[in-house]
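> Got a structure here, written out as structure tokens. Questions coming.
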Amino acid sequence: MNDVPLVKSFLPTRNGKYQILAYDSGVEELPHLALVAIGTEMDGVVDVRIHSECLTGDVFGSVRCDCGEQLESAMQHLEKHGGILIYLRQEGRGIGLINKLKAYNLQDTGLDTIKANHALGFHSDERDFTPAVEILNSLGVKSIRLLTNNPSKLSVFENSGIEVQSRLPLNIAPRPENEFYIRTKQESMGHWSKDEE
């Protein structure tokens, strides 16, 4: 990934005003994005959310997962406290939209989200969070508070030159449609639950 942004623009949203920066992801029309809340000081401890693209949840409001609600909650946090949202273009835990929809069909037969990925020939999680580290380095960020429930996002910062001062939980109340999905992430992938905060 080239750590020089392709373009910077001003982006006012329902959840605050941001500078949006687009970074080359290797796919021309799908750049990684960084939304920096206006007024964020890069030389202090910066609140950061690393969010992987979820078209169904982020755009269409699907409640099969908690992704869209996590994105909304993170942006509301950044509006109040400042910080950076890094939006990585790795749909469907890295398997792409078509395969994610195929996984939905397998989930509808009773498989959980992990077993559905395995049935399609993928690992439980195909994502790569190192572009987020490269983006933060390009912005001069040295110390962060990370908004996440996913331990894999913490481990990517080991030996990165960026210190994770603390983890900020990002818990979304389960819905009937995604309760099994959220429980699977906790039990099979080690995601922290509200009870562990």
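Letters A, B, ... mark the chains of the structure tokens in the order given; residue numbers begin at 1 per chain; ligand numbers begin at 1, in order shown.
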Step one, run DSSP on the backbone; step two, keep only residues of range 25-181 of chain A assigned to helix (DSSP H, G or I); then write them as an MDAnalysis selection string.
chainID A and resid 55:59 67:81 91:94 97:107 113:119 130:138 151:155 179:181
> Can you tell me which residues surround range 158-167 of chain A at a distance of at most 9 Å, considering only C-alpha atoms, apart from same-chain residues fewer than 4 positions away, and format the answer as a list in words?
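That gives Val45, Val133, Glu134, Leu136, Asn137, Val141, Lys142, Ser143, Ile144, Arg145, Leu146, Leu147, Thr148, Asn149 and Leu154 of chain A.
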> How would the residues just picked look written out with N, CA and C atoms as a short mmCIF file (atom, residue, chain, number, x, y, z; two decimals), in the first residue's frame?

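Output (again.cif):
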```
data_model
loop_
_atom_site.label_atom_id
_atom_site.label_comp_id
_atom_site.auth_asym_id
_atom_site.auth_seq_id
_atom_site.Cartn_x
_atom_site.Cartn_y
_atom_site.Cartn_z
N VAL A 45 -2.72 11.06 22.38
CA VAL A 45 -3.31 9.73 22.28
C VAL A 45 -4.60 9.87 21.47
N VAL A 133 -2.27 0.13 10.14
CA VAL A 133 -1.03 0.57 10.78
C VAL A 133 -0.29 1.53 9.85
N GLU A 134 -0.24 1.19 8.57
CA GLU A 134 0.46 2.03 7.59
C GLU A 134 -0.22 3.40 7.48
N LEU A 136 -2.01 4.92 9.83
CA LEU A 136 -1.73 5.68 11.07
C LEU A 136 -0.30 6.20 11.08
N ASN A 137 0.64 5.39 10.60
CA ASN A 137 2.02 5.86 10.51
C ASN A 137 2.13 7.05 9.56
N VAL A 141 0.66 9.23 13.74
CA VAL A 141 0.07 8.81 15.01
C VAL A 141 1.02 7.84 15.71
N LYS A 142 1.28 8.09 16.99
CA LYS A 142 2.20 7.25 17.75
C LYS A 142 1.55 6.51 18.91
N SER A 143 0.36 6.98 19.34
CA SER A 143 -0.28 6.40 20.51
C SER A 143 -1.79 6.45 20.32
N ILE A 144 -2.46 5.33 20.60
CA ILE A 144 -3.89 5.26 20.32
C ILE A 144 -4.66 4.60 21.45
N ARG A 145 -5.95 4.90 21.48
CA ARG A 145 -6.95 4.11 22.20
C ARG A 145 -7.78 3.45 21.10
N LEU A 146 -7.85 2.12 21.12
CA LEU A 146 -8.47 1.39 20.02
C LEU A 146 -9.88 0.96 20.37
N LEU A 147 -10.84 1.39 19.54
CA LEU A 147 -12.24 0.99 19.73
C LEU A 147 -12.44 -0.36 19.06
N THR A 148 -12.51 -1.41 19.86
CA THR A 148 -12.66 -2.74 19.28
C THR A 148 -13.08 -3.76 20.33
N ASN A 149 -13.66 -4.84 19.86
CA ASN A 149 -13.91 -6.03 20.68
C ASN A 149 -13.06 -7.20 20.18
N LEU A 154 -5.74 -5.75 18.09
CA LEU A 154 -4.70 -5.32 19.03
C LEU A 154 -3.35 -5.90 18.65
#
```
> Using only C-alpha atoms, which of A:Lys8, A:Lys17, A:Lys115, A:Lys102 sits nearest Leu78 in chain A?
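Ranking A:Lys8, A:Lys17, A:Lys115, A:Lys102 by distance to Leu78 in chain A, first place goes to A:Lys17.
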> Go through A:Ile114, A:Tyr87, A:Glu179, A:Gly140 one by one, measure the shortest atom-to-atom distance of each to Asp58 in chain A using only C-alpha atoms, and give the residue with the smallest value.
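Checking each of A:Ile114, A:Tyr87, A:Glu179, A:Gly140 against Asp58 in chain A, counting only C-alpha atoms, the winner is A:Tyr87.
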> Find the residues around Gly16 in chain A up to 10 Å (only C-alpha atoms counted), leave out those fewer than 5 positions away in its own chain, and share them as an MDAnalysis selection string.
chainID A and resid 11 37:38 75:80 82
> Atoms to include: all heavy atoms. Write the selected residues as a compact mmCIF listing (two decimals), in the first residue's frame.

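again-v5.txt, freshly written:
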```txt
# COMPACT_ATOMS: atom_id res chain seq x y z
N LEU A 11 -15.52 16.21 4.64
CA LEU A 11 -16.72 15.38 4.65
C LEU A 11 -17.57 15.65 5.88
O LEU A 11 -17.30 15.12 6.96
CB LEU A 11 -16.34 13.89 4.60
CG LEU A 11 -17.51 12.91 4.47
CD1 LEU A 11 -18.14 12.99 3.08
CD2 LEU A 11 -17.04 11.48 4.74
N ALA A 37 -11.56 13.08 12.37
CA ALA A 37 -12.47 14.08 12.93
C ALA A 37 -11.76 15.42 13.00
O ALA A 37 -10.60 15.51 13.42
CB ALA A 37 -12.94 13.64 14.32
N ILE A 38 -12.45 16.46 12.53
CA ILE A 38 -11.86 17.80 12.52
C ILE A 38 -11.48 18.19 13.95
O ILE A 38 -12.27 18.03 14.89
CB ILE A 38 -12.85 18.82 11.92
CG1 ILE A 38 -13.18 18.46 10.46
CG2 ILE A 38 -12.29 20.24 12.03
CD1 ILE A 38 -12.01 18.41 9.53
N MET A 75 -18.58 6.32 15.03
CA MET A 75 -18.58 7.69 14.52
C MET A 75 -19.17 8.66 15.54
O MET A 75 -18.71 9.80 15.66
CB MET A 75 -19.30 7.76 13.18
CG MET A 75 -18.54 7.07 12.06
SD MET A 75 -19.29 7.29 10.43
CE MET A 75 -18.92 9.03 10.14
N GLN A 76 -20.17 8.21 16.27
CA GLN A 76 -20.73 9.05 17.34
C GLN A 76 -19.69 9.31 18.42
O GLN A 76 -19.58 10.43 18.94
CB GLN A 76 -21.98 8.38 17.93
CG GLN A 76 -23.16 8.39 16.98
CD GLN A 76 -24.31 7.50 17.45
OE1 GLN A 76 -24.21 6.81 18.46
NE2 GLN A 76 -25.40 7.51 16.71
N HIS A 77 -18.89 8.29 18.72
CA HIS A 77 -17.81 8.46 19.70
C HIS A 77 -16.78 9.46 19.18
O HIS A 77 -16.33 10.36 19.92
CB HIS A 77 -17.14 7.12 19.98
CG HIS A 77 -15.93 7.22 20.86
ND1 HIS A 77 -16.00 7.08 22.23
CD2 HIS A 77 -14.63 7.46 20.57
CE1 HIS A 77 -14.80 7.23 22.75
NE2 HIS A 77 -13.94 7.47 21.76
N LEU A 78 -16.38 9.32 17.92
CA LEU A 78 -15.35 10.19 17.35
C LEU A 78 -15.85 11.63 17.22
O LEU A 78 -15.07 12.57 17.33
CB LEU A 78 -14.90 9.65 15.99
CG LEU A 78 -14.23 8.26 16.02
CD1 LEU A 78 -13.93 7.79 14.61
CD2 LEU A 78 -12.98 8.27 16.88
N GLU A 79 -17.15 11.78 17.00
CA GLU A 79 -17.72 13.13 16.94
C GLU A 79 -17.51 13.84 18.28
O GLU A 79 -17.19 15.04 18.33
CB GLU A 79 -19.21 13.07 16.61
CG GLU A 79 -19.87 14.43 16.56
CD GLU A 79 -21.37 14.35 16.29
OE1 GLU A 79 -21.96 13.26 16.44
OE2 GLU A 79 -21.95 15.38 15.91
N LYS A 80 -17.67 13.10 19.39
CA LYS A 80 -17.56 13.70 20.73
C LYS A 80 -16.11 13.85 21.18
O LYS A 80 -15.74 14.84 21.83
CB LYS A 80 -18.30 12.83 21.75
CG LYS A 80 -19.80 12.80 21.58
CD LYS A 80 -20.43 11.87 22.60
CE LYS A 80 -21.93 11.74 22.40
NZ LYS A 80 -22.52 10.73 23.33
N GLY A 82 -13.14 13.18 19.14
CA GLY A 82 -12.09 13.27 18.13
C GLY A 82 -11.51 11.91 17.85
O GLY A 82 -11.77 10.93 18.56
```
> Leaving out Asp3 in chain A and any residue of its chain fewer than 4 positions from it, which residues lie within 8 Å of it when counting only C-alpha atoms, given as a list in words?
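These residues fall inside the cut-off: Tyr23, Asp24, Glu134, Ile135 and Ser138 of chain A.
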> With distances taken over only C-alpha atoms, which residue among A:Ser62, A:Cys67, A:Ile86, A:Phe157 lies nearest Glu177 in chain A?
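Using only C-alpha atoms, Glu177 in chain A sits closest to A:Ser62.
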> Could you give me, as a PyMOL selection string, the residues within 12 Å of Phe180 in chain A, counting only C-alpha atoms and dropping anything in the same chain fewer than 2 positions from it?
chain A and resi 63-66+107-108+110-114+174-178+182-188
> To one decimal place in Å, what is the distance between CA of Arg14 in chain A and CA of Leu71 in chain A?
12.4 Å
